[in-house]
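To keep things clear, I will list the structure first and then write my remarks on it.
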Protein chains: 2
Amino acid sequence: MRIGDFARLGNVSLRTLRFYGQAGLLRPANVNPDNGYRHYDPRQLAQLHQIRMFQEMGLTLLEIRELLRRRLTAAELREVFRQRRAALGKRMQEDAGRLARIDARLRALEGERYGASPEVLLRQTHPVWVVSLREKIHRYEEAEEMFEEVERRMGAAHVSGERAALWHSCANEGPMIDCEVLRFLKQPVSTRGTLRTFQLPAATVASVFHFGSDRTLEDSYRTLAAWLTSSQFRLCGPKREIYWVEARSGAEVESVTEIQFPVVQARDAKRALRIRAA
Amino acid sequence: MRIGDFARLGNVSLRTLRFYGQAGLLRPANVNPDNGYRHYDPRQLAQLHQIRMFQEMGLTLLEIRELLRRRLTAAELREVFRQRRAALGKRMQEDAGRLARIDARLRALEGERYGASPEVLLRQTHPVWVVSLREKIHRYEEAEEMFEEVERRMGAAHVSGERAALWHSCANEGPMIDCEVLRFLKQPVSTRGTLRTFQLPAATVASVFHFGSDRTLEDSYRTLAAWLTSSQFRLCGPKREIYWVEARSGAEVESVTEIQFPVVQARDAKRALRIRAA
DNA sequence: CTTGACCTTGACGTAACGTCAACCTGTAGC
DNA sequence: GCTACAGGTTGACGTTACGTCAAGGTCAAG
């Protein structure tokens, strides 16, 4: 059986078969030494389909080759499949999140009559280690002192990351502001007293970047709030601020502040999704 | 802001930033002509995150570049997202199938005490156009005549694909065998009378390849039946046989027959899966 | 003998970077 | 002024699983 016929039966391209041969996955049963023609045994059809099956499960050709070459024990095989299962499950989880975010952007586009907010990003954050100090304060300016206290108590060595803050409650929600100031860390460190070290969890956040003076920060908050009400997401944790770049007196550096609203899909949105999927 | 700082803030590698620059996606705000150093404006952080967001939705860098370069209308943007949504949905569907098949193989490994059946494949078939003739017959041998009738009535031009058959009921299920013989087609053709043309639907099938005489075909059926009872799948349609290679008298060619059992997950397996996912 | 289908090897392209290698720059400490 | 050394540069090659030429050899039919 020549390569063309074999490829037709196996529903693969000639290139694929030549590639499998070269990769040591599925060599032709014999090769005519005069003209180099590859000849396949019809029995190899089963092998070809086996390879395609493993491939479809997400194994790489290298893994498949090893799997076929060294006769694996049942335990090893099980381990391979379990790993594949886990990876697939993870990807499906992530895809579900991606799908939700795309839906959110689609809905934002529907409500375009207000002139949309292309500057609002909807993304996943990574978990990050932080050291924090939480206090109730009267004015936002007091946060500065809190940062300075954290930095004094930690020493310069450990606090290499950016400043950030969690606003557990804001000025318009009561008489006091519940503020938690953070510094990002590279590794967890041990802390005592009022200083806490923990891993700021990953989250889906709606975020905007604010450039320039803090006096106009309110505008960005309003943008985010407007986005939130028109989306099918709801706030699910304290608002975050990250001070990526801070203006320094003297140097002409503009500050860059990111405002993040951690969000989850509202309950009715999830239900709608499940119906659509079914 | 030099490239290293910008990369740290944006949580990307230097290589990535250089690549984005070269790809015209995100060029440094300015480049020192003396030493070639790239300098980024902190404002570009928002652009970088926007790019990463689109990328995470599954857009290619090329698409993102076009999307950012030509200011798209809301309608065009919506179309892009809708397409992404559809692709993601499709992948999630497929992944669900893959996951089920991996689970099936894992379960097969658990029940290894019987010596497993590594020759049983569990795979997806593609839809394929066929012409068919269905009749009730007494003995399997009569199928041969049915094939000959189909081929006579179709003419050689159209029936270029392999022979195959659907067994709606077999000898052990009643006095008559309900047999539908098929020939694969490249394109649909119009047929009259008892000949039907339709697209054999895609399916998840458990299959084995049988080599050699039909007299031992029963063995392969038994293998598949054993696999089926130990799996959490159940038959969901007529058994299929595909005659990939047919022995010809004279030539020393062994025949190759594939037996396919179309299957779906049993109801309890689906429930178990849903619980595990939740 | 020609035609056309089929086969060969070899080379390059894909997407989004990772990972060297070889070399240049800027700053800090002595 | 010299020396580290951290940080920058370009350039090239590797990754996966093939697709897509290009240039040329082989085989069966008419």
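We name chains A, B, ... following the order of the structure tokens; residues begin at 1 in each chain, and ligands are numbered from 1 as shown.
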Contacts of DT27 of chain C at 12 Å or less, counting only C-alpha atoms (C1' of nucleotides), minus same-chain residues fewer than 6 places along, as a list in words?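 So, after excluding close chain neighbours, the residues are DT3, DA4, DC5, DA6 and DG7 of chain D.
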Reference chain A, mobile chain B, all Cα atoms fitted, written as a tab-separated table (two decimals) with C-alpha atoms, in the first residue's frame:
chain	number	residue	atom	x	y	z
B	1	MET	CA	0.02	0.01	0.06
B	2	ARG	CA	1.64	3.25	-1.03
B	3	ILE	CA	1.65	6.42	1.01
B	4	GLY	CA	-1.17	8.07	-0.91
B	5	ASP	CA	-3.60	5.23	-0.32
B	6	PHE	CA	-2.62	4.91	3.30
B	7	ALA	CA	-3.07	8.65	3.83
B	8	ARG	CA	-6.54	8.53	2.27
B	9	LEU	CA	-7.64	5.66	4.49
B	10	GLY	CA	-6.18	7.25	7.58
B	11	ASN	CA	-7.54	10.68	6.72
B	12	VAL	CA	-4.18	12.39	7.15
B	13	SER	CA	-1.89	14.23	4.77
B	14	LEU	CA	1.18	12.82	3.10
B	15	ARG	CA	3.26	15.36	4.96
B	16	THR	CA	1.92	14.07	8.25
B	17	LEU	CA	2.87	10.50	7.44
B	18	ARG	CA	6.35	11.49	6.34
B	19	PHE	CA	6.69	13.54	9.49
B	20	TYR	CA	5.60	10.64	11.70
B	21	GLY	CA	8.11	8.45	9.95
B	22	GLN	CA	10.91	10.89	10.52
B	23	ALA	CA	9.84	11.39	14.13
B	24	GLY	CA	10.01	7.66	14.72
B	25	LEU	CA	6.34	7.45	15.51
B	26	LEU	CA	5.08	5.37	12.62
B	27	ARG	CA	7.61	4.19	10.10
B	28	PRO	CA	6.47	2.66	6.81
B	29	ALA	CA	6.46	-1.14	6.92
B	30	ASN	CA	9.13	-1.02	4.26
B	31	VAL	CA	10.82	1.39	1.90
B	32	ASN	CA	11.82	0.46	-1.60
B	33	PRO	CA	15.59	1.03	-1.69
B	34	ASP	CA	15.55	1.71	-5.44
B	35	ASN	CA	13.12	4.56	-5.60
B	36	GLY	CA	12.59	5.49	-1.95
B	37	TYR	CA	8.87	4.79	-2.12
B	38	ARG	CA	7.27	4.20	1.28
B	39	HIS	CA	5.00	1.20	1.63
B	40	TYR	CA	2.62	0.77	4.53
B	41	ASP	CA	1.01	-2.35	5.89
B	42	PRO	CA	-2.75	-2.02	6.28
B	43	ARG	CA	-2.28	-3.18	9.88
B	44	GLN	CA	-0.59	0.14	10.55
B	45	LEU	CA	-3.97	1.83	10.19
B	46	ALA	CA	-4.76	0.86	13.77
B	47	GLN	CA	-1.48	2.36	14.97
B	48	LEU	CA	-2.15	5.54	13.07
B	49	HIS	CA	-5.58	5.91	14.64
B	50	GLN	CA	-4.12	5.20	18.05
B	51	ILE	CA	-1.63	8.01	17.56
B	52	ARG	CA	-4.37	10.38	16.47
B	53	MET	CA	-6.43	9.42	19.48
B	54	PHE	CA	-3.63	10.17	21.92
B	55	GLN	CA	-2.93	13.38	20.09
B	56	GLU	CA	-6.52	14.42	20.38
B	57	MET	CA	-6.26	13.91	24.12
B	58	GLY	CA	-3.57	16.57	24.09
B	59	LEU	CA	-0.41	14.47	24.25
B	60	THR	CA	2.54	15.73	22.24
B	61	LEU	CA	4.06	13.50	19.59
B	62	LEU	CA	7.10	13.07	21.81
B	63	GLU	CA	5.00	11.82	24.67
B	64	ILE	CA	3.11	9.51	22.36
B	65	ARG	CA	6.33	8.08	21.00
B	66	GLU	CA	7.61	7.33	24.48
B	67	LEU	CA	4.26	5.97	25.44
B	68	LEU	CA	4.27	3.55	22.52
B	69	ARG	CA	7.95	2.72	22.59
B	70	ARG	CA	8.49	1.87	26.24
B	71	ARG	CA	5.61	-0.35	27.21
B	72	LEU	CA	4.34	1.64	30.18
B	73	THR	CA	2.88	0.05	33.25
B	74	ALA	CA	-0.76	0.66	34.01
B	75	ALA	CA	0.25	3.00	36.84
B	76	GLU	CA	2.43	5.15	34.59
B	77	LEU	CA	-0.27	5.28	31.96
B	78	ARG	CA	-2.78	6.29	34.56
B	79	GLU	CA	-0.49	9.08	35.67
B	80	VAL	CA	-0.20	10.37	32.11
B	81	PHE	CA	-3.97	10.41	31.67
B	82	ARG	CA	-4.56	11.98	35.04
B	83	GLN	CA	-2.20	14.77	34.15
B	84	ARG	CA	-3.97	15.31	30.85
B	85	ARG	CA	-7.28	15.32	32.64
B	86	ALA	CA	-6.10	17.96	35.05
B	87	ALA	CA	-4.68	20.14	32.29
B	88	LEU	CA	-7.89	19.88	30.31
B	89	GLY	CA	-9.99	20.69	33.34
B	90	LYS	CA	-7.89	23.73	34.02
B	91	ARG	CA	-8.19	24.94	30.46
B	92	MET	CA	-11.94	24.51	30.56
B	93	GLN	CA	-12.09	26.57	33.74
B	94	GLU	CA	-10.02	29.30	32.16
B	95	ASP	CA	-12.07	29.20	28.99
B	96	ALA	CA	-15.21	29.68	31.02
B	97	GLY	CA	-13.68	32.83	32.47
B	98	ARG	CA	-12.58	34.04	29.07
B	99	LEU	CA	-16.03	33.45	27.70
B	100	ALA	CA	-17.56	35.47	30.51
B	101	ARG	CA	-15.18	38.34	29.85
B	102	ILE	CA	-15.90	38.32	26.15
B	103	ASP	CA	-19.60	38.36	26.93
B	104	ALA	CA	-19.07	41.32	29.18
B	105	ARG	CA	-17.35	43.22	26.41
B	106	LEU	CA	-20.11	42.30	24.00
B	107	ARG	CA	-22.69	43.63	26.38
B	108	ALA	CA	-20.65	46.76	26.85
B	109	LEU	CA	-20.74	47.21	23.09
B	110	GLU	CA	-24.50	46.81	23.02
B	111	GLY	CA	-24.87	49.63	25.53
B	112	GLU	CA	-22.65	51.74	23.30
B	113	ARG	CA	-25.15	54.59	23.24
B	114	TYR	CA	-23.43	56.14	26.23
B	115	GLY	CA	-20.19	56.30	24.30
B	116	ALA	CA	-18.70	53.14	25.81
B	117	SER	CA	-15.55	53.02	27.88
B	118	PRO	CA	-12.84	51.41	25.83
B	119	GLU	CA	-10.34	52.28	28.53
B	120	VAL	CA	-11.91	49.84	30.97
B	121	LEU	CA	-10.01	46.57	30.95
B	122	LEU	CA	-11.42	43.29	32.17
B	123	ARG	CA	-8.65	40.92	33.08
B	124	GLN	CA	-7.28	38.32	35.42
B	125	THR	CA	-4.68	39.30	37.98
B	126	HIS	CA	-2.07	36.94	39.34
B	127	PRO	CA	-1.78	36.22	43.04
B	128	VAL	CA	0.97	38.26	44.67
B	129	TRP	CA	2.59	38.31	48.10
B	130	VAL	CA	2.05	41.49	50.09
B	131	VAL	CA	2.68	42.95	53.48
B	132	SER	CA	-0.19	45.02	54.77
B	133	LEU	CA	-1.38	47.38	57.49
B	134	ARG	CA	-5.08	48.00	58.00
B	135	GLU	CA	-6.57	50.97	59.84
B	136	LYS	CA	-9.63	53.13	60.00
B	137	ILE	CA	-8.82	56.68	58.98
B	138	HIS	CA	-10.66	59.95	58.46
B	139	ARG	CA	-9.03	61.33	55.34
B	140	TYR	CA	-7.41	59.64	52.36
B	141	GLU	CA	-4.22	61.58	52.96
B	142	GLU	CA	-3.56	59.60	56.11
B	143	ALA	CA	-2.76	56.56	53.99
B	144	GLU	CA	0.59	58.18	53.22
B	145	GLU	CA	1.59	57.91	56.86
B	146	MET	CA	0.50	54.30	56.93
B	147	PHE	CA	2.77	53.52	54.00
B	148	GLU	CA	5.64	55.22	55.77
B	149	GLU	CA	5.00	53.19	58.88
B	150	VAL	CA	5.02	49.93	56.92
B	151	GLU	CA	8.24	50.87	55.18
B	152	ARG	CA	9.91	51.88	58.45
B	153	ARG	CA	8.95	48.65	60.15
B	154	MET	CA	9.88	46.40	57.25
B	155	GLY	CA	13.20	47.92	56.29
B	156	ALA	CA	14.17	48.72	52.75
B	157	ALA	CA	15.43	45.23	51.96
B	158	HIS	CA	12.07	43.51	51.76
B	159	VAL	CA	9.71	46.06	50.32
B	160	SER	CA	10.92	46.13	46.76
B	161	GLY	CA	7.55	46.02	45.02
B	162	GLU	CA	5.05	48.77	44.35
B	163	ARG	CA	2.66	50.38	46.75
B	164	ALA	CA	-0.99	49.43	46.60
B	165	ALA	CA	-4.10	49.72	48.73
B	166	LEU	CA	-7.35	47.93	49.44
B	167	TRP	CA	-10.32	50.16	50.24
B	168	HIS	CA	-12.60	48.10	52.43
B	169	SER	CA	-14.89	51.06	52.81
B	170	CYS	CA	-14.72	54.53	51.35
B	171	ALA	CA	-15.60	57.99	52.50
B	172	ASN	CA	-19.11	57.88	51.09
B	173	GLU	CA	-19.98	54.69	52.95
B	174	GLY	CA	-19.61	55.96	56.50
B	175	PRO	CA	-17.74	58.33	58.75
B	176	MET	CA	-14.52	56.32	58.69
B	177	ILE	CA	-12.44	55.00	55.79
B	178	ASP	CA	-11.33	51.39	56.18
B	179	CYS	CA	-7.99	51.33	54.44
B	180	GLU	CA	-5.43	48.57	54.03
B	181	VAL	CA	-2.13	49.68	52.58
B	182	LEU	CA	0.05	47.09	50.82
B	183	ARG	CA	3.52	46.66	49.51
B	184	PHE	CA	4.18	43.94	46.99
B	185	LEU	CA	6.81	41.39	47.95
B	186	LYS	CA	8.93	39.02	45.95
B	187	GLN	CA	8.79	36.31	48.60
B	188	PRO	CA	6.72	35.96	51.72
B	189	VAL	CA	8.38	37.33	54.85
B	190	SER	CA	7.40	36.83	58.46
B	191	THR	CA	5.82	39.81	60.18
B	192	ARG	CA	4.68	40.63	63.72
B	193	GLY	CA	2.05	42.80	65.33
B	194	THR	CA	-0.30	44.79	63.13
B	195	LEU	CA	1.66	44.02	59.97
B	196	ARG	CA	0.23	41.08	58.05
B	197	THR	CA	1.80	39.06	55.26
B	198	PHE	CA	-0.48	37.22	52.86
B	199	GLN	CA	-1.01	36.38	49.24
B	200	LEU	CA	-3.36	38.79	47.57
B	201	PRO	CA	-5.57	36.37	45.68
B	202	ALA	CA	-5.94	36.25	41.94
B	203	ALA	CA	-9.11	37.90	40.73
B	204	THR	CA	-11.04	38.98	37.72
B	205	VAL	CA	-10.89	42.74	37.81
B	206	ALA	CA	-12.31	45.61	35.86
B	207	SER	CA	-9.57	48.19	35.81
B	208	VAL	CA	-8.65	51.60	34.53
B	209	PHE	CA	-5.31	53.30	34.49
B	210	HIS	CA	-5.28	56.82	35.79
B	211	PHE	CA	-2.55	59.19	34.76
B	212	GLY	CA	-1.56	62.29	36.63
B	213	SER	CA	-2.72	63.94	39.78
B	214	ASP	CA	-4.77	62.15	42.41
B	215	ARG	CA	-7.17	65.05	42.39
B	216	THR	CA	-8.80	63.70	39.25
B	217	LEU	CA	-8.83	60.09	40.46
B	218	GLU	CA	-12.55	60.43	41.13
B	219	ASP	CA	-13.20	60.63	37.38
B	220	SER	CA	-11.70	57.21	36.84
B	221	TYR	CA	-13.74	55.82	39.71
B	222	ARG	CA	-16.86	57.17	38.08
B	223	THR	CA	-15.92	55.56	34.78
B	224	LEU	CA	-15.48	52.20	36.46
B	225	ALA	CA	-18.69	52.54	38.46
B	226	ALA	CA	-20.61	53.35	35.27
B	227	TRP	CA	-19.10	50.36	33.53
B	228	LEU	CA	-20.03	48.14	36.45
B	229	THR	CA	-23.70	49.08	36.51
B	230	SER	CA	-24.06	48.50	32.78
B	231	SER	CA	-22.26	45.15	32.98
B	232	GLN	CA	-23.56	41.89	34.31
B	233	PHE	CA	-20.84	41.79	36.91
B	234	ARG	CA	-20.93	42.81	40.53
B	235	LEU	CA	-18.23	43.87	42.96
B	236	CYS	CA	-16.94	40.99	45.05
B	237	GLY	CA	-14.25	42.47	47.24
B	238	PRO	CA	-12.48	45.62	48.29
B	239	LYS	CA	-11.49	48.01	45.53
B	240	ARG	CA	-7.80	47.92	44.79
B	241	GLU	CA	-5.45	50.72	43.86
B	242	ILE	CA	-1.98	50.10	42.58
B	243	TYR	CA	0.52	52.94	42.42
B	244	TRP	CA	2.61	51.80	39.48
B	245	VAL	CA	4.44	55.09	39.14
B	246	GLU	CA	4.51	57.81	41.73
B	247	ALA	CA	5.16	61.44	40.96
B	248	ARG	CA	8.28	62.71	42.68
B	249	SER	CA	8.60	66.32	43.53
B	250	GLY	CA	11.22	67.90	41.34
B	251	ALA	CA	11.36	65.23	38.62
B	252	GLU	CA	8.70	65.73	36.00
B	253	VAL	CA	7.23	62.26	36.32
B	254	GLU	CA	3.53	61.75	36.01
B	255	SER	CA	2.06	59.25	38.41
B	256	VAL	CA	0.26	56.16	37.14
B	257	THR	CA	-2.42	54.63	39.31
B	258	GLU	CA	-4.44	51.57	38.45
B	259	ILE	CA	-7.88	51.20	39.97
B	260	GLN	CA	-9.16	47.63	40.10
B	261	PHE	CA	-12.67	46.50	40.94
B	262	PRO	CA	-12.65	42.76	41.67
B	263	VAL	CA	-15.79	41.33	40.09
B	264	VAL	CA	-17.74	38.13	39.61
B	265	GLN	CA	-20.58	37.41	37.25
B	266	ALA	CA	-23.92	38.37	38.66
B	267	ARG	CA	-26.12	35.39	39.45
B	268	ASP	CA	-28.61	36.00	36.63
B	269	ALA	CA	-25.78	36.20	34.12
B	270	LYS	CA	-24.52	32.79	35.17
B	271	ARG	CA	-27.96	31.33	34.81
B	272	ALA	CA	-28.33	32.81	31.34
B	273	LEU	CA	-24.98	31.33	30.37
B	274	ARG	CA	-25.92	27.88	31.58
B	275	ILE	CA	-29.13	27.98	29.59
B	276	ARG	CA	-27.32	29.05	26.48
B	277	ALA	CA	-24.77	26.26	26.91
B	278	ALA	CA	-27.40	23.57	27.34
Can you check which residues of segment 33-230 of chain B DSSP gives as strand (DSSP E) on the backbone and send them as a ChimeraX atom specification? /B:38-39,121-124,128-137,163-169,177-184,196-200,204-211
What would the file look like if the residues just selected were written as a short mmCIF file (atom, residue, chain, number, x, y, z; two decimals), in the first residue's frame with N, CA and C atoms?
data_model
loop_
_atom_site.label_atom_id
_atom_site.label_comp_id
_atom_site.auth_asym_id
_atom_site.auth_seq_id
_atom_site.Cartn_x
_atom_site.Cartn_y
_atom_site.Cartn_z
N ARG B 38 15.78 51.53 24.52
CA ARG B 38 14.34 51.82 24.40
C ARG B 38 13.86 52.50 25.68
N HIS B 39 13.04 53.51 25.50
CA HIS B 39 12.44 54.16 26.66
C HIS B 39 10.93 54.17 26.51
N LEU B 121 -9.99 1.64 20.54
CA LEU B 121 -9.82 3.08 20.43
C LEU B 121 -11.12 3.77 20.76
N LEU B 122 -11.00 4.98 21.30
CA LEU B 122 -12.20 5.76 21.59
C LEU B 122 -11.97 7.09 20.91
N ARG B 123 -12.69 7.34 19.83
CA ARG B 123 -12.36 8.54 19.07
C ARG B 123 -13.58 9.17 18.42
N GLN B 124 -13.39 10.35 17.90
CA GLN B 124 -14.43 11.05 17.18
C GLN B 124 -14.32 10.72 15.69
N VAL B 128 -19.60 12.07 7.10
CA VAL B 128 -19.20 11.69 5.75
C VAL B 128 -20.46 11.39 4.93
N TRP B 129 -20.42 11.80 3.66
CA TRP B 129 -21.55 11.54 2.78
C TRP B 129 -21.54 10.08 2.34
N VAL B 130 -22.73 9.49 2.32
CA VAL B 130 -22.84 8.08 1.92
C VAL B 130 -24.08 7.88 1.06
N VAL B 131 -24.04 6.82 0.29
CA VAL B 131 -25.26 6.35 -0.37
C VAL B 131 -25.57 5.00 0.27
N SER B 132 -26.84 4.74 0.53
CA SER B 132 -27.14 3.54 1.30
C SER B 132 -28.34 2.78 0.76
N LEU B 133 -28.38 1.51 1.12
CA LEU B 133 -29.52 0.64 0.80
C LEU B 133 -29.79 -0.19 2.05
N ARG B 134 -31.04 -0.15 2.50
CA ARG B 134 -31.37 -0.85 3.75
C ARG B 134 -32.39 -1.96 3.49
N GLU B 135 -32.08 -3.14 4.03
CA GLU B 135 -32.96 -4.29 3.83
C GLU B 135 -32.89 -5.23 5.02
N LYS B 136 -33.93 -6.02 5.15
CA LYS B 136 -33.90 -7.08 6.16
C LYS B 136 -33.45 -8.36 5.47
N ILE B 137 -32.45 -8.98 6.02
CA ILE B 137 -31.89 -10.19 5.40
C ILE B 137 -31.81 -11.32 6.43
N ARG B 163 -16.46 0.69 1.20
CA ARG B 163 -17.70 0.08 1.63
C ARG B 163 -17.82 0.17 3.15
N ALA B 164 -19.04 0.22 3.61
CA ALA B 164 -19.29 0.21 5.05
C ALA B 164 -20.70 -0.30 5.28
N ALA B 165 -21.05 -0.55 6.52
CA ALA B 165 -22.39 -1.05 6.81
C ALA B 165 -22.85 -0.59 8.19
N LEU B 166 -24.14 -0.39 8.30
CA LEU B 166 -24.76 -0.13 9.60
C LEU B 166 -25.60 -1.35 9.95
N TRP B 167 -25.43 -1.89 11.13
CA TRP B 167 -26.21 -3.05 11.56
C TRP B 167 -27.26 -2.58 12.54
N HIS B 168 -28.46 -2.36 12.02
CA HIS B 168 -29.54 -1.86 12.88
C HIS B 168 -30.01 -2.94 13.84
N SER B 169 -29.95 -4.17 13.39
CA SER B 169 -30.17 -5.27 14.32
C SER B 169 -29.40 -6.46 13.79
N ILE B 177 -32.03 -9.90 10.07
CA ILE B 177 -30.94 -8.94 10.26
C ILE B 177 -31.33 -7.67 9.53
N ASP B 178 -31.28 -6.55 10.23
CA ASP B 178 -31.61 -5.26 9.61
C ASP B 178 -30.31 -4.59 9.22
N CYS B 179 -30.02 -4.64 7.94
CA CYS B 179 -28.70 -4.23 7.46
C CYS B 179 -28.81 -3.04 6.51
N GLU B 180 -27.93 -2.07 6.69
CA GLU B 180 -27.88 -0.95 5.76
C GLU B 180 -26.46 -0.87 5.22
N VAL B 181 -26.33 -1.14 3.92
CA VAL B 181 -24.99 -1.09 3.34
C VAL B 181 -24.73 0.32 2.82
N LEU B 182 -23.46 0.76 2.94
CA LEU B 182 -23.09 2.13 2.57
C LEU B 182 -21.92 2.13 1.61
N ARG B 183 -21.85 3.16 0.83
CA ARG B 183 -20.59 3.49 0.15
C ARG B 183 -20.30 4.94 0.45
N PHE B 184 -19.08 5.22 0.81
CA PHE B 184 -18.69 6.60 1.08
C PHE B 184 -18.65 7.39 -0.22
N ARG B 196 -30.67 5.73 -0.70
CA ARG B 196 -30.72 7.01 0.02
C ARG B 196 -29.33 7.64 0.05
N THR B 197 -29.30 8.96 -0.02
CA THR B 197 -28.04 9.68 0.16
C THR B 197 -28.17 10.55 1.41
N PHE B 198 -27.22 10.43 2.31
CA PHE B 198 -27.26 11.27 3.51
C PHE B 198 -25.87 11.37 4.10
N GLN B 199 -25.76 12.26 5.07
CA GLN B 199 -24.47 12.45 5.71
C GLN B 199 -24.45 11.62 6.99
N LEU B 200 -23.61 10.63 6.99
CA LEU B 200 -23.44 9.83 8.20
C LEU B 200 -22.88 10.75 9.28
N THR B 204 -18.94 9.84 18.55
CA THR B 204 -17.88 9.27 19.37
C THR B 204 -18.02 7.77 19.27
N VAL B 205 -16.97 7.11 18.85
CA VAL B 205 -17.07 5.67 18.67
C VAL B 205 -15.96 4.94 19.43
N ALA B 206 -16.33 3.79 19.93
CA ALA B 206 -15.32 2.84 20.40
C ALA B 206 -15.08 1.92 19.22
N SER B 207 -13.82 1.74 18.85
CA SER B 207 -13.58 0.96 17.64
C SER B 207 -12.40 0.01 17.79
N VAL B 208 -12.49 -1.09 17.06
CA VAL B 208 -11.32 -1.96 16.93
C VAL B 208 -11.11 -2.25 15.45
N PHE B 209 -9.86 -2.46 15.11
CA PHE B 209 -9.53 -2.86 13.76
C PHE B 209 -9.36 -4.37 13.75
N HIS B 210 -10.01 -4.98 12.79
CA HIS B 210 -9.91 -6.43 12.66
C HIS B 210 -9.14 -6.75 11.39
N PHE B 211 -8.16 -7.62 11.53
CA PHE B 211 -7.35 -7.97 10.38
C PHE B 211 -7.61 -9.41 9.98
#
Near chain A, which residues of chain C fall within 12 Å when you count only C-alpha atoms (C1' of nucleotides), and what do they look like as a tab-separated table (two decimals) with C-alpha atoms (C1' of nucleotides), in the first residue's frame?
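Saved as part.tsv:
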chain	number	residue	atom	x	y	z
C	5	DA	C1'	-0.80	10.82	-11.56
C	6	DC	C1'	2.13	9.76	-7.98
C	7	DC	C1'	6.40	9.71	-5.45
C	8	DT	C1'	10.95	11.64	-3.64
C	9	DT	C1'	13.96	15.11	-0.96
Chain D residues near chain A within 12 Å, closest pair each, using only C-alpha atoms (C1' of nucleotides), as a tab-separated table:
residue	atom	partner	partner_atom	distance
D:DT16	C1'	A:Thr60	CA	8.4
D:DA17	C1'	A:Thr16	CA	8.2
D:DC18	C1'	A:Thr16	CA	6.4
D:DG19	C1'	A:Arg15	CA	8.2
D:DT20	C1'	A:Arg15	CA	10.1
D:DG25	C1'	A:Asn35	CA	8.1
D:DT26	C1'	A:Asn35	CA	7.4
D:DC27	C1'	A:Asn35	CA	10.9
Helix (DSSP H, G or I) per DSSP on the backbone: members of segment 69-210 of chain A, as number ranges by chain: A: 69, 74-110, 112-114, 142-154, 171-173
Find the residues around DG10 of chain C up to 12 Å (only C-alpha atoms (C1' of nucleotides) counted), leave out those fewer than 4 positions away in its own chain, and share them as JSON, numbers by chain. {"D": [21, 22, 23, 24]}
Polymer residues at most 12 Å from DC20 of chain C, only C-alpha atoms (C1' of nucleotides), same-chain spacing of 6 or more positions, as a list in words: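 Skipping anything fewer than 6 positions along the chain leaves DG11, DA12, DC13 and DG14 of chain D.
Here atom C1' of DG13 of chain C is placed at a distance of 27.0 Å from atom C1' of DT9 of chain D.
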Just how far from atom C1' of DG8 of chain D is atom C1' of DC24 of chain C, in Å to one decimal?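 Interatomic distance here is 7.8 Å.
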